[in-house]
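See below for entry17.cif, which holds mmCIF, C-alpha atoms.
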data_run
loop_
_atom_site.label_atom_id
_atom_site.label_comp_id
_atom_site.auth_asym_id
_atom_site.auth_seq_id
_atom_site.Cartn_x
_atom_site.Cartn_y
_atom_site.Cartn_z
CA MET A 1286 169.66 -13.48 -63.73
CA VAL A 1287 168.00 -12.92 -67.11
CA ALA A 1288 168.76 -9.45 -68.47
CA ALA A 1289 165.92 -6.99 -68.81
CA ALA A 1290 166.32 -6.96 -72.60
CA GLU A 1291 165.50 -10.69 -72.67
CA VAL A 1292 162.34 -10.14 -70.66
CA VAL A 1293 160.72 -7.25 -72.47
CA HIS A 1294 160.21 -6.74 -76.17
CA LYS A 1295 159.71 -3.00 -75.96
CA ALA A 1296 161.10 -0.66 -73.35
CA TYR A 1297 162.15 2.87 -74.13
CA PRO A 1298 165.41 4.21 -72.61
CA VAL A 1299 164.13 5.61 -69.31
CA GLN A 1300 162.08 2.47 -68.66
CA GLY A 1301 165.16 0.35 -69.33
CA LYS A 1302 167.30 2.31 -66.88
CA PHE A 1303 164.64 2.02 -64.18
CA ILE A 1304 164.27 -1.72 -64.77
CA ALA A 1305 168.01 -2.36 -64.53
CA ASP A 1306 168.74 -0.16 -61.49
CA ASP A 1307 169.65 -2.14 -58.35
CA ALA A 1308 169.58 0.76 -55.88
CA ARG A 1309 167.86 0.26 -52.52
CA TYR A 1310 164.94 2.58 -53.32
CA VAL A 1311 164.00 3.27 -56.94
CA ALA A 1312 161.08 5.33 -58.20
CA PHE A 1313 159.67 5.69 -61.71
CA VAL A 1314 157.47 8.79 -61.84
CA ALA A 1315 155.79 9.26 -65.19
CA GLY A 1316 152.80 10.71 -66.98
CA ARG A 1317 149.58 8.91 -67.76
CA ASN A 1318 149.87 6.08 -70.30
CA SER A 1319 153.65 6.27 -70.21
CA GLY A 1320 154.16 2.59 -69.37
CA LYS A 1321 154.76 2.89 -65.61
CA THR A 1322 152.99 -0.32 -64.61
CA PHE A 1323 154.54 -2.19 -67.52
CA ALA A 1324 158.02 -1.12 -66.41
CA GLY A 1325 157.23 -2.07 -62.81
CA SER A 1326 156.05 -5.53 -63.85
CA VAL A 1327 159.25 -6.16 -65.82
CA LYS A 1328 161.36 -5.05 -62.88
CA ALA A 1329 159.31 -7.36 -60.63
CA TYR A 1330 159.94 -10.23 -63.06
CA ARG A 1331 163.65 -9.46 -62.92
CA ASN A 1332 163.70 -9.39 -59.11
CA ALA A 1333 161.65 -12.59 -58.79
CA GLN A 1334 164.50 -14.52 -60.42
CA ARG A 1335 166.50 -14.07 -57.24
CA GLY A 1336 164.18 -16.50 -55.49
CA GLY A 1337 162.84 -16.02 -52.01
CA LEU A 1338 159.85 -13.90 -51.00
CA GLY A 1339 158.77 -10.70 -52.72
CA VAL A 1340 155.68 -8.51 -52.50
CA ILE A 1341 153.67 -6.65 -55.13
CA ALA A 1342 151.38 -4.02 -53.61
CA ALA A 1343 148.92 -1.28 -54.52
CA PRO A 1344 146.80 1.11 -52.47
CA ASP A 1345 143.56 -0.88 -52.87
CA PHE A 1346 142.13 -4.05 -54.42
CA PRO A 1347 141.06 -2.65 -57.84
CA MET A 1348 144.46 -1.04 -58.41
CA LEU A 1349 146.19 -4.27 -57.39
CA GLU A 1350 143.95 -6.76 -59.21
CA PHE A 1351 143.55 -4.86 -62.47
CA GLY A 1352 146.91 -3.11 -62.48
CA ALA A 1353 150.08 -4.48 -60.90
CA LYS A 1354 148.97 -8.10 -60.40
CA ARG A 1355 147.57 -8.45 -63.91
CA ALA A 1356 150.69 -6.90 -65.46
CA PHE A 1357 153.03 -9.23 -63.54
CA ILE A 1358 151.07 -12.33 -64.54
CA GLU A 1359 151.14 -11.12 -68.16
CA ARG A 1360 154.95 -10.89 -68.01
CA LEU A 1361 155.19 -14.48 -66.71
CA ARG A 1362 152.95 -15.72 -69.50
CA GLU A 1363 154.76 -13.74 -72.20
CA CYS A 1364 158.05 -15.26 -71.09
CA ARG A 1365 156.50 -18.72 -70.78
CA GLU A 1366 157.69 -19.03 -67.22
CA PRO A 1367 155.74 -21.78 -65.38
CA PHE A 1368 153.99 -20.50 -62.26
CA GLU A 1369 151.25 -21.43 -59.82
CA LEU A 1370 148.69 -18.81 -58.81
CA HIS A 1371 147.12 -19.41 -55.39
CA GLN A 1372 144.13 -17.06 -55.35
CA GLN A 1373 142.98 -17.86 -51.82
CA ARG A 1374 146.41 -17.19 -50.33
CA GLY A 1375 147.06 -14.18 -52.55
CA VAL A 1376 150.42 -15.47 -53.77
CA VAL A 1377 152.09 -16.76 -56.91
CA THR A 1378 154.91 -19.29 -56.79
CA ILE A 1379 157.54 -19.81 -59.51
CA PRO A 1380 159.10 -23.26 -58.96
CA ARG A 1381 162.13 -22.86 -61.27
CA TRP A 1382 163.34 -19.86 -59.26
CA ASN A 1383 162.14 -21.07 -55.86
CA ALA A 1384 160.30 -17.77 -55.67
CA GLU A 1385 157.09 -16.72 -53.94
CA ILE A 1386 155.44 -13.37 -54.54
CA ARG A 1387 152.69 -12.08 -52.29
CA PHE A 1388 150.02 -9.64 -53.45
CA ALA A 1389 148.99 -7.05 -50.86
CA THR A 1390 146.83 -3.95 -50.59
CA LEU A 1391 148.07 -1.01 -48.54
CA GLU A 1392 144.89 -0.31 -46.60
CA THR A 1393 146.05 -1.46 -43.14
CA GLU A 1394 149.42 -2.16 -41.56
CA GLY A 1395 148.35 -5.77 -41.00
CA ARG A 1396 148.48 -6.39 -44.75
CA VAL A 1397 152.25 -5.89 -44.86
CA ARG A 1398 153.51 -6.73 -41.37
CA GLY A 1399 154.90 -10.18 -40.56
CA PRO A 1400 157.13 -11.56 -43.32
CA ASN A 1401 160.48 -10.16 -44.33
CA TYR A 1402 160.70 -9.57 -48.08
CA ALA A 1403 163.69 -9.60 -50.40
CA TRP A 1404 162.05 -7.04 -52.68
CA GLY A 1405 158.84 -5.12 -53.14
CA TRP A 1406 157.01 -3.16 -55.81
CA VAL A 1407 154.26 -0.60 -55.10
CA ASP A 1408 152.23 0.61 -58.08
CA GLU A 1409 150.46 4.00 -57.90
CA VAL A 1410 152.13 4.68 -54.58
CA GLU A 1411 150.85 8.27 -54.45
CA TYR A 1412 147.37 6.93 -53.68
CA VAL A 1413 148.53 5.40 -50.37
CA THR A 1414 146.41 7.24 -47.82
CA ASP A 1415 148.28 6.38 -44.60
CA ARG A 1416 152.00 7.09 -44.47
CA THR A 1417 152.44 4.69 -41.52
CA ILE A 1418 151.45 1.78 -43.80
CA TRP A 1419 154.14 2.83 -46.26
CA GLN A 1420 156.67 2.96 -43.43
CA ALA A 1421 155.62 -0.51 -42.29
CA LEU A 1422 156.20 -1.87 -45.79
CA LYS A 1423 159.62 -0.22 -46.00
CA GLY A 1424 160.55 -1.89 -42.75
CA ALA A 1425 159.52 -5.29 -44.10
CA ILE A 1426 161.82 -5.12 -47.18
CA ARG A 1427 164.96 -6.35 -45.43
CA ASP A 1428 165.67 -9.96 -46.37
CA GLY A 1429 168.95 -10.92 -48.02
CA SER A 1430 172.07 -8.94 -48.86
CA ASP A 1431 170.51 -6.51 -51.37
CA PRO A 1432 166.82 -5.86 -50.59
CA GLN A 1433 165.06 -3.45 -52.91
CA LEU A 1434 161.83 -1.46 -52.82
CA PHE A 1435 160.67 0.24 -56.02
CA VAL A 1436 157.60 2.28 -56.89
CA THR A 1437 155.76 3.43 -59.99
CA THR A 1438 153.31 6.33 -60.03
CA THR A 1439 152.06 9.55 -61.57
CA PRO A 1440 152.80 12.42 -59.16
CA LYS A 1441 149.88 13.84 -57.18
CA GLY A 1442 151.13 17.17 -55.94
CA ARG A 1443 154.05 17.10 -53.55
CA ARG A 1444 153.41 14.03 -51.46
CA LEU A 1445 155.17 10.77 -50.71
CA VAL A 1446 157.56 10.54 -53.67
CA TRP A 1447 158.39 14.24 -53.47
CA ASP A 1448 159.17 13.88 -49.77
CA GLU A 1449 161.32 10.74 -50.07
CA TRP A 1450 162.97 10.97 -53.49
CA VAL A 1451 163.38 14.75 -53.80
CA GLN A 1452 163.34 16.68 -50.53
CA HIS A 1453 164.78 13.99 -48.25
CA ALA A 1454 166.55 11.76 -50.77
CA THR A 1455 169.59 9.78 -49.69
CA PRO A 1456 172.31 8.22 -51.89
CA ASN A 1457 170.16 5.07 -51.80
CA HIS A 1458 167.24 6.83 -53.52
CA VAL A 1459 167.17 6.95 -57.34
CA LEU A 1460 164.40 8.75 -59.24
CA TYR A 1461 163.53 8.26 -62.92
CA LYS A 1462 161.01 10.47 -64.72
CA ALA A 1463 159.20 10.22 -68.05
CA THR A 1464 156.44 12.13 -69.74
CA THR A 1465 153.51 10.68 -71.65
CA ARG A 1466 155.19 11.92 -74.82
CA ASP A 1467 158.24 9.75 -74.09
CA ASN A 1468 156.25 6.59 -74.77
CA PRO A 1469 156.96 5.76 -78.45
CA PHE A 1470 154.39 2.97 -78.52
CA ILE A 1471 151.30 5.19 -78.38
CA ASP A 1472 149.97 8.16 -80.32
CA ALA A 1473 150.77 10.47 -77.44
CA GLU A 1474 149.52 13.70 -78.99
CA ASP A 1475 146.13 12.22 -79.84
CA TYR A 1476 145.85 10.74 -76.35
CA ILE A 1477 146.78 14.03 -74.68
CA ALA A 1478 144.43 16.06 -76.89
CA GLY A 1479 141.56 13.76 -75.94
CA LEU A 1480 142.13 14.30 -72.23
CA GLY A 1481 141.69 18.06 -72.54
CA TYR A 1482 144.26 18.83 -69.83
CA SER A 1483 146.02 22.17 -69.59
CA GLY A 1484 148.06 24.29 -67.22
CA ARG A 1485 149.33 22.79 -64.01
CA PHE A 1486 147.18 19.71 -64.29
CA LEU A 1487 148.77 18.90 -67.65
CA ALA A 1488 152.20 19.49 -66.11
CA GLN A 1489 151.37 16.95 -63.40
CA GLU A 1490 149.46 14.28 -65.31
CA ILE A 1491 151.36 14.39 -68.63
CA ASP A 1492 154.78 15.90 -67.87
CA ALA A 1493 155.10 14.16 -64.46
CA GLU A 1494 155.95 17.37 -62.61
CA PHE A 1495 155.55 17.68 -58.85
CA VAL A 1496 153.00 20.47 -58.96
CA ALA A 1497 151.79 22.42 -55.95
CA PHE A 1498 148.33 23.77 -56.75
CA ASP A 1499 147.44 27.20 -55.36
CA GLY A 1500 143.92 28.45 -54.69
CA LEU A 1501 142.38 25.01 -54.35
CA VAL A 1502 138.60 24.95 -54.36
CA PHE A 1503 138.58 22.41 -51.53
CA PRO A 1504 141.78 22.75 -49.48
CA GLU A 1505 140.04 20.83 -46.69
CA TRP A 1506 140.08 17.66 -48.80
CA SER A 1507 142.21 14.88 -47.28
CA ARG A 1508 142.96 11.36 -48.44
CA GLU A 1509 141.83 10.19 -45.04
CA ARG A 1510 138.36 10.45 -46.60
CA LEU A 1511 139.18 7.53 -48.90
CA GLN A 1512 137.18 4.73 -47.30
CA ALA A 1513 135.03 1.77 -48.27
CA VAL A 1514 131.62 2.40 -46.69
CA ASP A 1515 128.60 0.13 -46.25
CA CYS A 1516 125.81 2.22 -47.79
CA ASP A 1517 122.96 -0.27 -47.36
CA GLY A 1518 119.70 1.67 -47.06
CA TRP A 1519 121.18 5.01 -48.17
CA ARG A 1520 119.68 7.14 -50.94
CA CYS A 1521 121.35 6.64 -54.30
CA VAL A 1522 121.69 8.86 -57.37
CA LEU A 1523 123.94 9.00 -60.40
CA GLY A 1524 125.73 12.16 -61.54
CA VAL A 1525 126.76 12.20 -65.20
CA ASP A 1526 129.04 14.58 -67.12
CA VAL A 1527 129.14 13.65 -70.80
CA GLY A 1528 132.26 14.03 -72.91
CA THR A 1529 133.23 13.05 -76.42
CA ARG A 1530 137.00 13.31 -76.77
CA ASN A 1531 137.00 14.49 -73.16
CA PRO A 1532 136.20 11.84 -70.55
CA THR A 1533 132.64 10.94 -69.64
CA ALA A 1534 132.24 10.73 -65.86
CA ILE A 1535 129.48 8.71 -64.16
CA LEU A 1536 129.45 8.79 -60.36
CA THR A 1537 127.35 6.71 -58.00
CA VAL A 1538 126.64 8.95 -55.01
CA ARG A 1539 124.99 7.78 -51.79
CA GLN A 1540 123.45 9.83 -48.98
CA ALA A 1541 122.74 8.67 -45.44
CA GLY A 1542 119.75 9.75 -43.36
CA ASP A 1543 121.92 12.24 -41.47
CA GLY A 1544 123.00 13.89 -44.73
CA ARG A 1545 126.45 12.34 -45.04
CA MET A 1546 127.46 11.53 -48.61
CA HIS A 1547 129.66 8.82 -50.07
CA VAL A 1548 130.99 8.60 -53.63
CA GLU A 1549 130.77 4.86 -54.11
CA ARG A 1550 131.92 4.26 -57.67
CA GLU A 1551 133.08 6.02 -60.82
CA VAL A 1552 133.09 5.30 -64.52
CA TYR A 1553 135.58 7.60 -66.25
CA ARG A 1554 136.31 6.98 -69.91
CA ARG A 1555 137.22 9.03 -72.98
CA ASN A 1556 136.34 8.61 -76.66
CA MET A 1557 132.90 7.17 -75.97
CA GLY A 1558 130.27 7.42 -78.69
CA ALA A 1559 126.67 8.35 -77.89
CA ALA A 1560 125.55 4.71 -77.79
CA ASP A 1561 128.46 3.82 -75.49
CA VAL A 1562 127.58 6.65 -73.10
CA VAL A 1563 123.92 5.62 -72.91
CA ALA A 1564 124.89 1.96 -72.41
CA ALA A 1565 127.32 2.88 -69.61
CA ILE A 1566 124.67 4.96 -67.82
CA GLN A 1567 122.13 2.18 -68.14
CA SER A 1568 124.62 -0.38 -66.83
CA GLU A 1569 125.36 1.71 -63.75
CA ALA A 1570 121.67 2.42 -63.18
CA ASP A 1571 120.79 -1.27 -63.49
CA ARG A 1572 123.45 -2.05 -60.90
CA VAL A 1573 122.22 0.35 -58.20
CA ASN A 1574 118.63 1.32 -59.14
CA PRO A 1575 119.09 5.07 -58.44
CA GLU A 1576 116.19 7.33 -57.55
CA ALA A 1577 117.46 9.82 -60.17
CA ILE A 1578 120.14 10.23 -62.83
CA TYR A 1579 121.32 13.85 -62.89
CA ILE A 1580 122.88 14.44 -66.29
CA ASP A 1581 124.90 17.23 -67.84
CA PRO A 1582 122.30 19.79 -68.99
CA SER A 1583 124.16 20.27 -72.29
CA ALA A 1584 123.58 16.58 -73.09
CA ALA A 1585 119.85 16.77 -73.74
CA GLY A 1586 120.20 14.51 -76.76
CA TYR A 1587 121.07 11.56 -74.49
CA VAL A 1588 117.95 11.92 -72.41
CA VAL A 1589 115.38 10.67 -74.91
CA ASP A 1590 116.83 7.16 -75.08
CA LEU A 1591 117.10 6.95 -71.29
CA GLU A 1592 113.55 8.17 -70.78
CA ARG A 1593 112.17 5.78 -73.38
CA ALA A 1594 113.93 2.94 -71.59
CA GLY A 1595 112.27 3.95 -68.31
CA TYR A 1596 115.24 5.44 -66.47
CA PRO A 1597 114.65 8.35 -64.01
CA VAL A 1598 116.78 10.88 -65.88
CA VAL A 1599 116.91 14.54 -64.82
CA LYS A 1600 118.46 17.54 -66.53
CA ALA A 1601 120.86 18.75 -63.86
CA ASP A 1602 120.90 22.22 -62.36
CA ASN A 1603 124.05 23.89 -63.72
CA ASP A 1604 124.33 26.73 -61.18
CA ARG A 1605 128.08 26.38 -60.58
CA LYS A 1606 128.28 28.81 -57.64
CA ARG A 1607 125.47 27.10 -55.73
CA GLY A 1608 126.89 23.71 -56.67
CA VAL A 1609 130.33 24.51 -55.26
CA GLN A 1610 128.73 25.75 -52.05
CA LEU A 1611 126.77 22.51 -51.68
CA MET A 1612 129.88 20.46 -52.43
CA ALA A 1613 131.72 22.33 -49.67
CA THR A 1614 128.82 21.55 -47.33
CA ALA A 1615 129.06 17.87 -48.26
CA LEU A 1616 132.75 17.90 -47.35
CA ALA A 1617 132.01 19.63 -44.05
CA ASP A 1618 129.32 17.06 -43.29
CA GLY A 1619 131.75 14.14 -43.63
CA LEU A 1620 131.95 13.18 -47.31
CA THR A 1621 133.81 9.93 -47.95
CA VAL A 1622 135.02 8.49 -51.25
CA ASP A 1623 135.74 4.90 -52.21
CA PRO A 1624 139.48 4.41 -52.87
CA SER A 1625 138.72 3.06 -56.34
CA CYS A 1626 137.55 6.53 -57.49
CA VAL A 1627 140.98 7.60 -58.69
CA ALA A 1628 139.79 10.17 -61.26
CA PHE A 1629 137.67 11.88 -58.59
CA VAL A 1630 140.77 12.15 -56.39
CA ASP A 1631 142.90 13.45 -59.27
CA GLU A 1632 140.43 16.22 -59.96
CA ILE A 1633 139.53 17.33 -56.43
CA GLU A 1634 143.21 17.63 -55.56
CA ALA A 1635 143.86 19.90 -58.55
CA TRP A 1636 140.60 21.86 -58.95
CA HIS A 1637 141.47 25.51 -58.36
CA TYR A 1638 140.43 29.09 -58.89
CA PRO A 1639 141.99 31.26 -61.62
CA ASP A 1640 145.43 32.52 -60.63
CA GLY A 1641 144.89 31.07 -57.19
CA LYS A 1642 142.22 33.68 -56.37
CA ARG A 1643 139.32 32.41 -54.32
CA GLU A 1644 137.30 35.57 -54.84
CA SER A 1645 136.29 34.29 -58.28
CA ASP A 1646 132.86 32.67 -58.32
CA ASP A 1647 133.93 29.94 -60.73
CA PRO A 1648 136.83 27.48 -60.54
CA VAL A 1649 138.96 26.98 -63.64
CA LYS A 1650 136.89 25.12 -66.24
CA GLU A 1651 139.29 22.27 -66.93
CA ASN A 1652 139.94 18.77 -65.60
CA ASP A 1653 136.58 18.86 -63.84
CA HIS A 1654 134.56 16.05 -65.40
CA ALA A 1655 134.21 14.05 -62.18
CA MET A 1656 133.71 17.32 -60.27
CA ASP A 1657 130.84 18.27 -62.58
CA ALA A 1658 129.25 14.84 -62.20
CA TRP A 1659 129.56 15.13 -58.42
CA ARG A 1660 128.16 18.67 -58.51
CA TYR A 1661 125.10 17.54 -60.48
CA ALA A 1662 124.47 14.77 -57.94
CA VAL A 1663 124.97 17.02 -54.91
CA VAL A 1664 122.62 19.72 -56.22
CA GLY A 1665 120.10 17.06 -57.18
CA LEU A 1666 120.16 15.54 -53.70
CA ALA A 1667 119.56 19.01 -52.31
CA GLY A 1668 116.21 18.91 -54.05
CA SER A 1669 116.60 21.18 -57.05
CA ALA A 1670 115.05 18.88 -59.64
CA THR A 1671 112.60 16.01 -59.99
CA PRO A 1672 112.77 13.14 -62.51
CA GLY A 1673 110.62 13.84 -65.53
CA ILE A 1674 110.32 17.62 -64.93
CA TRP A 1675 111.97 19.74 -67.65
#
Show me this structure written as structure tokens.
Amino acid sequence: MVAAAEVVHKAYPVQGKFIADDARYVAFVAGRNSGKTFAGSVKAYRNAQRGGLGVIAAPDFPMLEFGAKRAFIERLRECREPFELHQQRGVVTIPRWNAEIRFATLETEGRVRGPNYAWGWVDEVEYVTDRTIWQALKGAIRDGSDPQLFVTTTPKGRRLVWDEWVQHATPNHVLYKATTRDNPFIDAEDYIAGLGYSGRFLAQEIDAEFVAFDGLVFPEWSRERLQAVDCDGWRCVLGVDVGTRNPTAILTVRQAGDGRMHVEREVYRRNMGAADVVAAIQSEADRVNPEAIYIDPSAAGYVVDLERAGYPVVKADNDRKRGVQLMATALADGLTVDPSCVAFVDEIEAWHYPDGKRESDDPVKENDHAMDAWRYAVVGLAGSATPGIW
């Protein structure tokens, strides 16, 4: 087997230990932009050299296609290892090693049941919504004398990894942790400053701590709401919260005739200039033809270009108390969210009141860019504003 050092040109110490560990269950829990997926792809490359059947999985198609799968293919190309990618079958074969790797999403048990695998890698495992699917995958990693299942993720509260690698760990479970600052190949401080995170959310997203958030704004939120929904014929609006160094969030929000809402898609990017923000809004609007674009009321300077281009832009109502009440109503009425909206999930699971006190009218004003975009859309759908009226 080729050593990890021969596979990867740059791996910092914790990554290297994770890559080389042959324990039955190995987890690499790390902050954003810390190289989790890179490390997972190198470990997958290393395991593929055993031959036989392996599986690379992620919670949904976007995470798989643009995360784990892409990273693994990049490792094969970097190492000039000949392979055959069979898109229709969802597998890649590596003739020299007599290896076959299947790509799977963890949305139903049927995606992972059937074959026995010699090894498996799950990227962003904390976004798996159904624990029974995870258990089914664990049961399928059983081929050969030393099967291995490994995961890479940023922690999301105290969920799957906390349960299995901390509270109920066995001698077969090995956990590696890294912070965003541990990655020597990025300007970590500039990256962190641009995110605008603080407090417990920073501890979770940057320092990779298993944080339990108190005083959540929406404790009724559940990942069972993560669903792909056919919204044909539903009302459609965009909610936009504009950032500069902080992320800009653009949400496509649908509403059915019975009032149910669905967050269909998100754009969530930092360090966007004014022209980039306007272009992103126009691109999303051209895609879905919304009846209104409810935009951050502090971003009036962006409105002129959108109005001149003929887009139905509206200065959003910024009544936070009313907005939170309407958001709670949307949840009670059956809100669903597409699984690809990972920033929305990050924020709703961490959005909380100061010091855990719900009696405050306003949640903590941090890590709420997607929440603000959703709030603007929800209030707009409730009928507080009309395109063109200022």
(request) Excluding Asp1647 (chain A) and residues on its chain fewer than 5 positions from it, collect all residues at most 12 Å away from it, counting only C-alpha atoms, and give them as JSON, numbers by chain. (result) {"A": [1500, 1501, 1502, 1603, 1604, 1605, 1606, 1607, 1608, 1609, 1610, 1636, 1637, 1638, 1639, 1640, 1641, 1642, 1653]}
Using only C-alpha atoms, please write the residues we just selected to a file, as a CSV table (one decimal), keeping the file's coordinate frame.
chain,number,residue,atom,x,y,z
A,1500,GLY,CA,143.9,28.4,-54.7
A,1501,LEU,CA,142.4,25.0,-54.4
A,1502,VAL,CA,138.6,25.0,-54.4
A,1603,ASN,CA,124.0,23.9,-63.7
A,1604,ASP,CA,124.3,26.7,-61.2
A,1605,ARG,CA,128.1,26.4,-60.6
A,1606,LYS,CA,128.3,28.8,-57.6
A,1607,ARG,CA,125.5,27.1,-55.7
A,1608,GLY,CA,126.9,23.7,-56.7
A,1609,VAL,CA,130.3,24.5,-55.3
A,1610,GLN,CA,128.7,25.8,-52.0
A,1636,TRP,CA,140.6,21.9,-59.0
A,1637,HIS,CA,141.5,25.5,-58.4
A,1638,TYR,CA,140.4,29.1,-58.9
A,1639,PRO,CA,142.0,31.3,-61.6
A,1640,ASP,CA,145.4,32.5,-60.6
A,1641,GLY,CA,144.9,31.1,-57.2
A,1642,LYS,CA,142.2,33.7,-56.4
A,1653,ASP,CA,136.6,18.9,-63.8
(message) Let me make sure I understand: among A:Val1548, A:Ile1304, A:Ala1497, A:Ala1564, which one has the smallest atom-to-atom distance to Val1627 (chain A) if we use all atoms listed in the file?
(response)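 Comparing A:Val1548, A:Ile1304, A:Ala1497, A:Ala1564 against Val1627 (chain A), the winner is A:Val1548.
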Would you write out, as a tab-separated table, a table of all residues in region 1552-1643 of chain A that have an atom no more than 7 Å from an atom of region 1661-1666 of chain A, listing for each the closest atom pair and the distance in Å to one decimal, considering all atoms listed in the file and ordering rows by chain and rising residue number?
residue	atom	partner	partner_atom	distance
A:Tyr1579	CA	A:Tyr1661	CA	5.8
A:Ile1580	CA	A:Tyr1661	CA	6.9
A:Ala1601	CA	A:Tyr1661	CA	5.6
A:Asp1602	CA	A:Tyr1661	CA	6.6
A:Gly1608	CA	A:Val1664	CA	5.9
A:Leu1611	CA	A:Val1663	CA	6.6
A:Met1612	CA	A:Val1663	CA	6.5
Could you give me, as JSON lines, every region 1391-1486 of chain A residue with an atom at most 10 Å from region 1312-1323 of chain A, plus its closest atom pair and distance in Å to one decimal, counting only C-alpha atoms, rows ordered by chain then number?
{"residue": "A:Trp1406", "atom": "CA", "partner": "A:Ala1312", "partner_atom": "CA", "distance": 9.7}
{"residue": "A:Val1407", "atom": "CA", "partner": "A:Ala1312", "partner_atom": "CA", "distance": 9.6}
{"residue": "A:Asp1408", "atom": "CA", "partner": "A:Thr1322", "partner_atom": "CA", "distance": 6.6}
{"residue": "A:Glu1409", "atom": "CA", "partner": "A:Thr1322", "partner_atom": "CA", "distance": 8.4}
{"residue": "A:Val1410", "atom": "CA", "partner": "A:Ala1312", "partner_atom": "CA", "distance": 9.7}
{"residue": "A:Glu1411", "atom": "CA", "partner": "A:Val1314", "partner_atom": "CA", "distance": 9.9}
{"residue": "A:Leu1434", "atom": "CA", "partner": "A:Ala1312", "partner_atom": "CA", "distance": 8.7}
{"residue": "A:Phe1435", "atom": "CA", "partner": "A:Ala1312", "partner_atom": "CA", "distance": 5.6}
{"residue": "A:Val1436", "atom": "CA", "partner": "A:Ala1312", "partner_atom": "CA", "distance": 4.8}
{"residue": "A:Thr1437", "atom": "CA", "partner": "A:Phe1313", "partner_atom": "CA", "distance": 4.8}
{"residue": "A:Thr1438", "atom": "CA", "partner": "A:Val1314", "partner_atom": "CA", "distance": 5.2}
{"residue": "A:Thr1439", "atom": "CA", "partner": "A:Ala1315", "partner_atom": "CA", "distance": 5.2}
{"residue": "A:Pro1440", "atom": "CA", "partner": "A:Val1314", "partner_atom": "CA", "distance": 6.5}
{"residue": "A:Val1446", "atom": "CA", "partner": "A:Ala1312", "partner_atom": "CA", "distance": 7.7}
{"residue": "A:Glu1449", "atom": "CA", "partner": "A:Ala1312", "partner_atom": "CA", "distance": 9.8}
{"residue": "A:Trp1450", "atom": "CA", "partner": "A:Ala1312", "partner_atom": "CA", "distance": 7.6}
{"residue": "A:His1458", "atom": "CA", "partner": "A:Ala1312", "partner_atom": "CA", "distance": 7.9}
{"residue": "A:Val1459", "atom": "CA", "partner": "A:Ala1312", "partner_atom": "CA", "distance": 6.4}
{"residue": "A:Leu1460", "atom": "CA", "partner": "A:Ala1312", "partner_atom": "CA", "distance": 4.9}
{"residue": "A:Tyr1461", "atom": "CA", "partner": "A:Phe1313", "partner_atom": "CA", "distance": 4.8}
{"residue": "A:Lys1462", "atom": "CA", "partner": "A:Val1314", "partner_atom": "CA", "distance": 4.9}
{"residue": "A:Ala1463", "atom": "CA", "partner": "A:Ala1315", "partner_atom": "CA", "distance": 4.6}
{"residue": "A:Thr1464", "atom": "CA", "partner": "A:Gly1316", "partner_atom": "CA", "distance": 4.8}
{"residue": "A:Thr1465", "atom": "CA", "partner": "A:Ser1319", "partner_atom": "CA", "distance": 4.6}
{"residue": "A:Arg1466", "atom": "CA", "partner": "A:Ser1319", "partner_atom": "CA", "distance": 7.5}
{"residue": "A:Asp1467", "atom": "CA", "partner": "A:Ser1319", "partner_atom": "CA", "distance": 6.9}
{"residue": "A:Asn1468", "atom": "CA", "partner": "A:Ser1319", "partner_atom": "CA", "distance": 5.3}
{"residue": "A:Pro1469", "atom": "CA", "partner": "A:Ser1319", "partner_atom": "CA", "distance": 8.9}
{"residue": "A:Phe1470", "atom": "CA", "partner": "A:Ser1319", "partner_atom": "CA", "distance": 9.0}
{"residue": "A:Ile1471", "atom": "CA", "partner": "A:Asn1318", "partner_atom": "CA", "distance": 8.3}
{"residue": "A:Ala1473", "atom": "CA", "partner": "A:Asn1318", "partner_atom": "CA", "distance": 8.4}
{"residue": "A:Tyr1476", "atom": "CA", "partner": "A:Asn1318", "partner_atom": "CA", "distance": 8.6}
{"residue": "A:Ile1477", "atom": "CA", "partner": "A:Arg1317", "partner_atom": "CA", "distance": 9.1}
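The interatomic distance for the pair CA of Asn1401 (chain A) and CA of Phe1303 (chain A) works out to 23.7 Å.
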(request) Between A:Asp1431, A:Glu1366, A:Asp1517, A:Glu1651, single out the one closest to Thr1378 (chain A), counting all atoms listed in the file. (result)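 Result for the nearest residue to Thr1378 (chain A): A:Glu1366.
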(request) Mind listing whatever residues come within 9 Å of the point (133.2, 5.2, -64.0)? Use all atoms listed in the file, file coordinates, and give them as a PyMOL selection string. (result) chain A and resi 1533-1537+1550-1554+1565+1569+1626+1628
(request) With the file shown as input, list the residues that the PyMOL selection byres ((chain A and resi 1618) around 8) selects, as a list in words. (result)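 On this input, the PyMOL selection byres ((chain A and resi 1618) around 8) captures Gly1544, Arg1545, Met1546, Thr1614, Ala1615, Leu1616, Ala1617, Gly1619 and Leu1620 of chain A.
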(request) For Ala1577 (chain A), list every protein, DNA or RNA residue within 10 Å, evaluated using only C-alpha atoms, and leave out those in the same chain fewer than 2 positions away; present the list as a PyMOL selection string. (result) chain A and resi 1520-1524+1570+1574-1575+1579-1580+1596-1599+1662+1665-1666+1670-1673
(message) With all atoms listed in the file as the counted atoms, please give the residues lying no more than 12 Å from Arg1374 (chain A), apart from itself and same-chain residues fewer than 6 positions off, as a ChimeraX atom specification.
(response) /A:1385-1389
(request) Could you check which of A:Met1557, A:Gln1540, A:Ala1655, A:Lys1650 is closest to Asp1581 (chain A), using all atoms listed in the file? (result)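 Comparing A:Met1557, A:Gln1540, A:Ala1655, A:Lys1650 against Asp1581 (chain A), the winner is A:Ala1655.
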(request) Work out how far apart CA of Phe1629 (chain A) and CA of His1654 (chain A) are and give it in Å to one decimal. (result)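 It comes out at 8.6 Å.
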